[in-house]
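start-v3.cif (mmCIF, C-alpha atoms) appears below.
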data_entry
#
loop_
_atom_site.label_atom_id
_atom_site.label_comp_id
_atom_site.auth_asym_id
_atom_site.auth_seq_id
_atom_site.Cartn_x
_atom_site.Cartn_y
_atom_site.Cartn_z
CA MET N 1 -0.16 53.75 76.34
CA THR N 2 1.66 50.43 76.50
CA ALA N 3 3.79 51.66 79.38
CA THR N 4 0.67 52.84 81.18
CA LYS N 5 -0.96 49.44 80.85
CA GLU N 6 2.19 47.82 82.15
CA HIS N 7 2.16 50.10 85.20
CA THR N 8 -1.54 49.42 85.77
CA ARG N 9 -0.94 45.67 85.68
CA ARG N 10 2.12 45.97 87.89
CA ILE N 11 0.51 48.00 90.69
CA SER N 12 -2.96 47.08 91.87
CA PRO N 13 -5.25 50.00 92.83
CA ALA N 14 -5.49 48.78 96.44
CA LEU N 15 -1.70 48.62 96.81
CA LEU N 16 -1.27 51.98 95.07
CA TYR N 17 -3.70 53.77 97.40
CA ALA N 18 -2.26 52.02 100.43
CA LEU N 19 1.21 53.28 99.49
CA LEU N 20 -0.11 56.80 98.95
CA VAL N 21 -1.92 56.83 102.31
CA VAL N 22 1.19 55.62 104.12
CA GLY N 23 3.36 58.10 102.21
CA THR N 24 1.04 60.99 103.10
CA ILE N 25 1.06 60.04 106.79
CA ILE N 26 4.88 59.84 106.79
CA MET N 27 5.23 63.20 105.03
CA ALA N 28 2.73 64.80 107.43
CA MET N 29 4.78 63.47 110.36
CA LEU N 30 8.01 64.84 108.83
CA SER N 31 6.28 68.17 108.20
CA VAL N 32 5.41 68.43 111.89
CA MET N 33 8.83 67.21 113.06
CA PHE N 34 11.15 69.41 110.93
CA GLY N 35 11.69 73.14 111.26
CA SER N 36 14.05 75.53 112.99
CA ARG N 37 13.90 73.01 115.85
CA ILE N 38 13.63 69.27 115.07
CA VAL N 39 11.34 67.33 117.40
CA ALA N 40 11.17 63.57 117.98
CA PRO N 41 8.17 61.41 116.94
CA SER N 42 7.32 60.95 120.62
CA ASP N 43 7.12 64.74 120.97
CA VAL N 44 4.70 64.83 118.02
CA VAL N 45 2.38 62.34 119.75
CA ARG N 46 2.71 64.17 123.06
CA GLY N 47 2.04 67.54 121.44
CA LEU N 48 -1.11 66.21 119.75
CA THR N 49 -2.54 64.28 122.69
CA SER N 50 -1.57 66.26 125.78
CA GLY N 51 -1.69 69.80 127.02
CA ALA N 52 2.08 70.01 127.50
CA SER N 53 3.46 73.54 127.09
CA ASP N 54 7.19 72.88 126.65
CA ILE N 55 9.08 74.05 123.55
CA ALA N 56 8.76 70.76 121.62
CA ALA N 57 5.00 70.45 122.18
CA SER N 58 4.47 74.10 121.28
CA ALA N 59 6.52 73.67 118.08
CA VAL N 60 4.35 70.69 117.09
CA ARG N 61 1.11 72.59 117.63
CA THR N 62 2.48 75.59 115.69
CA ARG N 63 3.37 73.41 112.68
CA ILE N 64 0.02 71.60 112.45
CA PRO N 65 -1.79 74.41 110.56
CA ARG N 66 1.11 74.52 108.08
CA THR N 67 0.86 70.78 107.47
CA VAL N 68 -2.92 70.88 107.09
CA LEU N 69 -2.64 73.78 104.64
CA GLY N 70 0.03 71.89 102.67
CA ILE N 71 -2.30 68.90 102.28
CA LEU N 72 -5.19 71.13 101.27
CA ILE N 73 -3.22 73.23 98.78
CA GLY N 74 -1.50 70.20 97.23
CA ALA N 75 -4.77 68.37 96.60
CA ALA N 76 -6.51 71.51 95.31
CA LEU N 77 -3.77 72.48 92.84
CA ALA N 78 -3.32 68.94 91.51
CA MET N 79 -7.05 68.40 90.96
CA ALA N 80 -7.46 71.88 89.48
CA GLY N 81 -4.65 71.10 87.04
CA ALA N 82 -6.38 67.88 85.98
CA LEU N 83 -9.66 69.77 85.50
CA MET N 84 -7.99 72.48 83.41
CA GLN N 85 -6.13 69.98 81.25
CA GLY N 86 -9.33 68.00 80.77
CA VAL N 87 -11.58 70.92 79.87
CA SER N 88 -9.03 72.61 77.61
CA ARG N 89 -7.57 69.35 76.21
CA ASN N 90 -4.23 71.05 76.65
CA PRO N 91 -1.51 69.01 78.41
CA LEU N 92 0.26 72.22 79.48
CA ALA N 93 -2.79 73.88 81.06
CA ASP N 94 -2.37 75.00 84.65
CA PRO N 95 -3.41 78.03 86.76
CA SER N 96 -0.49 80.09 85.45
CA LEU N 97 -1.18 79.49 81.76
CA LEU N 98 -4.87 80.36 82.12
CA GLY N 99 -4.17 83.58 84.01
CA LEU N 100 -5.52 82.80 87.47
CA ASN N 101 -2.25 83.48 89.27
CA THR N 102 -1.61 86.74 87.45
CA GLY N 103 -5.20 87.82 88.10
CA ALA N 104 -4.73 87.27 91.82
CA ALA N 105 -1.38 89.08 91.74
CA PHE N 106 -2.83 92.04 89.87
CA ALA N 107 -5.70 92.36 92.37
CA ILE N 108 -3.27 92.30 95.30
CA VAL N 109 -1.05 94.95 93.74
CA ILE N 110 -4.11 97.19 93.21
CA ALA N 111 -5.08 96.64 96.86
CA ILE N 112 -1.57 97.48 98.08
CA THR N 113 -1.14 100.48 95.79
CA PHE N 114 -4.51 102.20 96.06
CA PHE N 115 -6.06 100.89 99.31
CA ASN N 116 -2.95 100.38 101.49
CA LEU N 117 -3.86 96.78 102.36
CA ALA N 118 -0.84 94.93 103.77
CA THR N 119 -2.07 91.99 105.88
CA PRO N 120 -2.37 88.31 104.86
CA ALA N 121 -5.99 88.26 106.03
CA SER N 122 -6.91 90.92 103.50
CA TYR N 123 -4.86 89.29 100.72
CA VAL N 124 -6.92 86.11 100.91
CA TRP N 125 -10.16 87.66 99.75
CA ILE N 126 -8.54 90.10 97.32
CA ALA N 127 -6.64 87.27 95.61
CA LEU N 128 -9.80 85.16 95.51
CA VAL N 129 -11.74 87.94 93.79
CA GLY N 130 -8.85 88.61 91.38
CA SER N 131 -8.52 84.96 90.33
CA ALA N 132 -12.26 84.45 89.93
CA ALA N 133 -12.68 87.67 87.94
CA THR N 134 -9.79 86.74 85.63
CA ALA N 135 -11.25 83.25 85.08
CA ALA N 136 -14.61 84.78 84.15
CA LEU N 137 -12.87 87.20 81.78
CA VAL N 138 -10.86 84.40 80.15
CA TRP N 139 -14.06 82.42 79.64
CA ALA N 140 -15.87 85.48 78.22
CA VAL N 141 -13.06 86.28 75.79
CA GLY N 142 -12.64 82.62 74.85
CA SER N 143 -16.38 82.36 74.11
CA ILE N 144 -16.35 85.12 71.51
CA GLY N 145 -16.96 83.87 68.00
CA ARG N 146 -18.96 81.29 66.16
CA PHE N 147 -18.01 78.10 67.95
CA GLY N 148 -18.09 79.38 71.54
CA ALA N 149 -15.51 78.45 74.19
CA THR N 150 -13.28 75.95 72.39
CA PRO N 151 -10.16 74.53 74.14
CA LEU N 152 -7.81 76.45 71.81
CA LYS N 153 -9.61 79.79 72.30
CA LEU N 154 -9.68 79.38 76.08
CA THR N 155 -5.95 78.67 76.16
CA LEU N 156 -5.12 81.61 73.90
CA ALA N 157 -7.38 83.94 75.89
CA GLY N 158 -5.71 82.83 79.12
CA ALA N 159 -2.21 83.36 77.74
CA VAL N 160 -3.03 86.81 76.33
CA LEU N 161 -4.81 88.07 79.46
CA SER N 162 -2.04 86.66 81.64
CA SER N 163 0.54 88.68 79.67
CA VAL N 164 -1.57 91.84 79.85
CA LEU N 165 -2.16 91.56 83.61
CA SER N 166 1.49 90.76 84.23
CA SER N 167 2.50 93.93 82.34
CA LEU N 168 -0.02 96.02 84.29
CA THR N 169 1.28 94.57 87.57
CA SER N 170 4.83 95.59 86.65
CA ALA N 171 3.64 99.04 85.60
CA LEU N 172 2.06 99.57 89.01
CA LEU N 173 5.01 98.21 91.00
CA LEU N 174 8.02 99.69 89.20
CA PRO N 175 7.51 103.33 90.27
CA ARG N 176 6.56 102.22 93.82
CA ALA N 177 9.56 100.47 95.32
CA GLN N 178 8.03 100.52 98.80
CA ASN N 179 5.19 98.27 97.61
CA MET N 180 7.55 95.73 96.06
CA ALA N 181 8.66 94.22 99.37
CA THR N 182 5.07 93.78 100.55
CA TYR N 183 4.04 92.15 97.28
CA ARG N 184 7.13 89.94 97.00
CA PHE N 185 6.28 88.09 100.24
CA TRP N 186 3.02 86.88 98.69
CA GLU N 187 4.44 86.33 95.17
CA VAL N 188 6.96 83.61 96.07
CA GLY N 189 4.18 81.30 97.26
CA GLY N 190 4.43 79.75 100.69
CA ILE N 191 2.51 78.09 103.52
CA SER N 192 4.68 79.30 106.40
CA GLY N 193 2.03 81.80 107.48
CA ALA N 194 -0.72 79.17 107.76
CA ARG N 195 -3.38 79.88 110.35
CA PHE N 196 -6.65 78.08 110.94
CA ASN N 197 -8.59 81.34 111.22
CA LEU N 198 -7.57 82.20 107.63
CA MET N 199 -8.37 78.73 106.30
CA LEU N 200 -11.79 78.17 107.88
CA PRO N 201 -13.78 80.77 105.87
CA ILE N 202 -12.46 79.32 102.58
CA LEU N 203 -12.99 75.63 103.41
CA PRO N 204 -16.51 75.59 101.85
CA LEU N 205 -15.01 76.77 98.54
CA PHE N 206 -12.43 73.96 98.66
CA ALA N 207 -15.16 71.44 99.49
CA LEU N 208 -17.35 72.57 96.59
CA GLY N 209 -14.36 72.44 94.21
CA PHE N 210 -13.47 68.89 95.31
CA ILE N 211 -17.08 67.72 94.88
CA ILE N 212 -17.26 69.22 91.37
CA ALA N 213 -13.92 67.64 90.39
CA PHE N 214 -15.04 64.15 91.37
CA ALA N 215 -18.54 64.56 89.93
CA ILE N 216 -17.44 65.90 86.52
CA ALA N 217 -14.65 63.34 85.98
CA PRO N 218 -16.77 60.94 83.83
CA SER N 219 -17.76 63.80 81.51
CA LEU N 220 -14.08 64.80 81.11
CA ASN N 221 -13.50 61.32 79.69
CA ALA N 222 -16.11 62.08 77.01
CA LEU N 223 -14.51 65.48 76.27
CA ALA N 224 -11.15 63.78 75.75
CA LEU N 225 -12.66 61.89 72.77
CA GLY N 226 -13.28 65.15 70.90
CA ASP N 227 -16.32 67.41 70.57
CA GLU N 228 -18.11 65.39 67.90
CA MET N 229 -17.71 62.09 69.69
CA ALA N 230 -18.70 63.66 73.04
CA VAL N 231 -21.88 65.12 71.53
CA GLY N 232 -22.62 61.74 69.98
CA LEU N 233 -22.39 60.19 73.45
CA GLY N 234 -24.93 62.70 74.77
CA THR N 235 -22.50 65.09 76.49
CA ARG N 236 -23.64 68.69 76.80
CA LEU N 237 -20.34 70.36 75.94
CA THR N 238 -20.98 73.89 77.20
CA LEU N 239 -22.54 72.73 80.45
CA VAL N 240 -19.68 70.32 81.18
CA ARG N 241 -17.04 72.95 80.39
CA VAL N 242 -18.73 75.58 82.57
CA ILE N 243 -19.02 73.18 85.53
CA ALA N 244 -15.44 71.91 85.17
CA TRP N 245 -14.14 75.45 84.74
CA THR N 246 -16.04 76.53 87.86
CA GLY N 247 -14.51 73.68 89.87
CA ALA N 248 -11.00 74.53 88.67
CA VAL N 249 -11.48 78.20 89.48
CA LEU N 250 -12.76 77.45 92.98
CA LEU N 251 -9.78 75.21 93.76
CA CYS N 252 -7.11 77.42 92.14
CA SER N 253 -8.45 80.67 93.50
CA SER N 254 -8.78 79.34 97.03
CA ALA N 255 -5.29 77.82 96.99
CA THR N 256 -3.68 80.91 95.45
CA ALA N 257 -5.47 83.20 97.89
CA LEU N 258 -4.12 81.29 100.90
CA ALA N 259 -0.60 80.42 99.71
CA GLY N 260 0.27 82.62 96.73
CA PRO N 261 1.13 81.34 93.24
CA ILE N 262 2.65 77.86 93.63
CA GLY N 263 3.66 76.41 90.28
CA PHE N 264 4.22 72.94 88.79
CA VAL N 265 1.91 71.01 91.19
CA GLY N 266 -1.09 71.48 88.90
CA LEU N 267 1.06 70.74 85.85
CA VAL N 268 3.14 67.75 86.95
CA ILE N 269 0.84 65.73 89.21
CA PRO N 270 -1.94 65.01 86.64
CA HIS N 271 0.68 63.71 84.20
CA ALA N 272 2.27 61.55 86.89
CA ALA N 273 -1.18 60.20 87.77
CA ARG N 274 -1.78 59.27 84.11
CA LEU N 275 1.44 57.28 84.11
CA LEU N 276 0.13 55.20 87.00
CA VAL N 277 -3.57 54.72 86.18
CA GLY N 278 -4.05 55.70 82.53
CA SER N 279 -6.23 58.46 81.07
CA ASP N 280 -9.50 57.77 82.95
CA TYR N 281 -10.32 60.92 84.93
CA ARG N 282 -12.36 58.86 87.42
CA ARG N 283 -9.02 57.38 88.54
CA ILE N 284 -6.87 60.45 87.94
CA MET N 285 -8.83 62.68 90.34
CA PRO N 286 -8.46 60.51 93.48
CA LEU N 287 -4.79 59.97 92.70
CA CYS N 288 -4.25 63.73 92.33
CA ALA N 289 -5.89 64.22 95.74
CA PHE N 290 -3.12 62.06 97.29
CA MET N 291 -0.12 62.87 95.10
CA GLY N 292 -0.52 66.66 95.24
CA PRO N 293 -0.16 66.79 99.05
CA LEU N 294 2.80 64.40 98.88
CA LEU N 295 4.70 66.70 96.50
CA LEU N 296 3.82 69.88 98.37
CA LEU N 297 4.68 68.52 101.82
CA ALA N 298 7.93 67.05 100.52
CA ALA N 299 8.87 70.41 98.95
CA ASP N 300 8.00 72.23 102.17
CA VAL N 301 10.10 69.87 104.30
CA ILE N 302 13.05 70.18 101.89
CA GLY N 303 12.75 73.98 102.02
CA ARG N 304 12.91 73.87 105.82
CA VAL N 305 15.87 71.47 105.98
CA VAL N 306 18.31 72.81 103.37
CA THR N 307 18.60 76.32 104.86
CA ARG N 308 17.72 75.59 108.49
CA PRO N 309 16.93 77.55 110.63
CA ALA N 310 15.60 79.80 107.81
CA ASP N 311 12.91 78.57 105.38
CA VAL N 312 12.88 78.47 101.58
CA GLU N 313 9.26 79.03 100.58
CA VAL N 314 7.54 76.01 99.07
CA GLY N 315 6.75 77.82 95.79
CA ILE N 316 10.48 78.08 95.07
CA VAL N 317 11.17 74.42 95.92
CA THR N 318 8.29 73.08 93.79
CA ALA N 319 9.70 75.03 90.84
CA ILE N 320 13.18 73.58 91.43
CA ILE N 321 12.07 69.94 91.74
CA GLY N 322 9.01 70.19 89.46
CA ALA N 323 10.84 71.43 86.37
CA PRO N 324 13.18 68.41 85.98
CA ILE N 325 10.30 66.01 86.69
CA PHE N 326 8.27 67.62 83.94
CA LEU N 327 11.21 67.47 81.54
CA VAL N 328 11.46 63.74 82.20
CA LEU N 329 7.77 63.36 81.43
CA ILE N 330 8.21 65.32 78.18
CA ARG N 331 11.14 63.15 77.14
CA ARG N 332 8.95 60.09 77.65
CA ARG N 333 6.27 61.77 75.47
CA LYS N 334 3.56 61.26 78.03
CA VAL N 335 2.27 64.83 77.99
CA SER N 336 0.31 64.18 74.82
CA GLU N 337 -1.92 61.61 76.52
CA VAL N 338 -4.57 63.97 77.94
#
So that I can check it, write out the structure of this file as structure tokens.
Amino acid sequence: MTATKEHTRRISPALLYALLVVGTIIMAMLSVMFGSRIVAPSDVVRGLTSGASDIAASAVRTRIPRTVLGILIGAALAMAGALMQGVSRNPLADPSLLGLNTGAAFAIVIAITFFNLATPASYVWIALVGSAATAALVWAVGSIGRFGATPLKLTLAGAVLSSVLSSLTSALLLPRAQNMATYRFWEVGGISGARFNLMLPILPLFALGFIIAFAIAPSLNALALGDEMAVGLGTRLTLVRVIAWTGAVLLCSSATALAGPIGFVGLVIPHAARLLVGSDYRRIMPLCAFMGPLLLLAADVIGRVVTRPADVEVGIVTAIIGAPIFLVLIRRRKVSEV
């Protein structure tokens, strides 16, 4: 806590947000510039402001949906991670631990195996339904018993259902090698196939999730004090948990449906935000909305540069750079400050 106060005194909120805005703009520019063909900043401006049809301008316009999706997915996963950690009071909570990713994967495997669906457009809605259904099931199982949906029961229910669905997914795929290649493209998690026509129908779900995340942040502060203290402050525990859970599911499901299971963003970014602004969720949420896109765009650019002209999908890069960052956070014992 002392270190957090020192950081808060050292960096003013205005300077912090200014740095994040500038950093996001720079990363967005790099995301548009780098790829199998590197374009100059002047080509980026020309591609955005003119109707030029040369190779550089066309490359810029092709990369814009990918950059927009990276910003959207980064913000959604980071804020969803903060919501899940707040509602479960578990510093390790993220979409994977609570089963949302495995639920989406299981739904897609069912669609591939029994309904012969094999297009990204169909995956989006199938993954969305799978994630949302798994979240509802986790909540239902976690609510069984005398004290309702406690943080510990929700976490255990998510871990158990995640293991069960993962086993069922393997059982369906193992005897069907031809389905494995189709499924593997979605499983690695990537934004290379970004298209505006896939994003537009899901934008309202993202918007509703973002609104819920910002609106419920003050109540998450009360939850962090413990159930008894929160009730004493007038917090309606079940209502707050249901609303926060709904917001997290909307953001996670939408992001997973469009880009596949991308790990570590929802786990690492909320902890990094706490290091900078403390444990107040009213400050954590806006910071997650900026820091999530920064990490995701940086990972995507790195994936495009290291193996150019081929791409390494962003889900692989976030795992590679997210794991050591999280280990550093653990060594500094900051994960306990949820």
Contacts of Gly86 (chain N) within 9 Å, only C-alpha atoms, excl. fewer than 6 positions in-chain, as a PyMOL selection string
chain N and resi 93+217+220-221+223-224+244+281+338
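Here CA of Thr318 (chain N) stands at a distance of 8.4 Å from CA of Asp300 (chain N).
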Evaluate the PyMOL selection byres ((chain N and resi 35) around 7) against this structure - the residues, as a PyMOL selection string, please.
chain N and resi 33-34+36-38+304-305+309
Would you mind listing what lies within 9 Å of Leu100 (chain N) as a count of residues only, with all atoms listed in the file counted and same-chain residues fewer than 2 positions away left out?
22
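Across N:Ala80, N:Val301, N:Val268, N:Ala140, the tightest approach to Arg63 (chain N) is made by N:Val301 when counting all atoms listed in the file.
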(8.4, 70.8, 119.1) in this file's frame - what residues fall within 6 Å of it? Use only C-alpha atoms and give the answer as an MDAnalysis selection string.
chainID N and resid 39 55:60
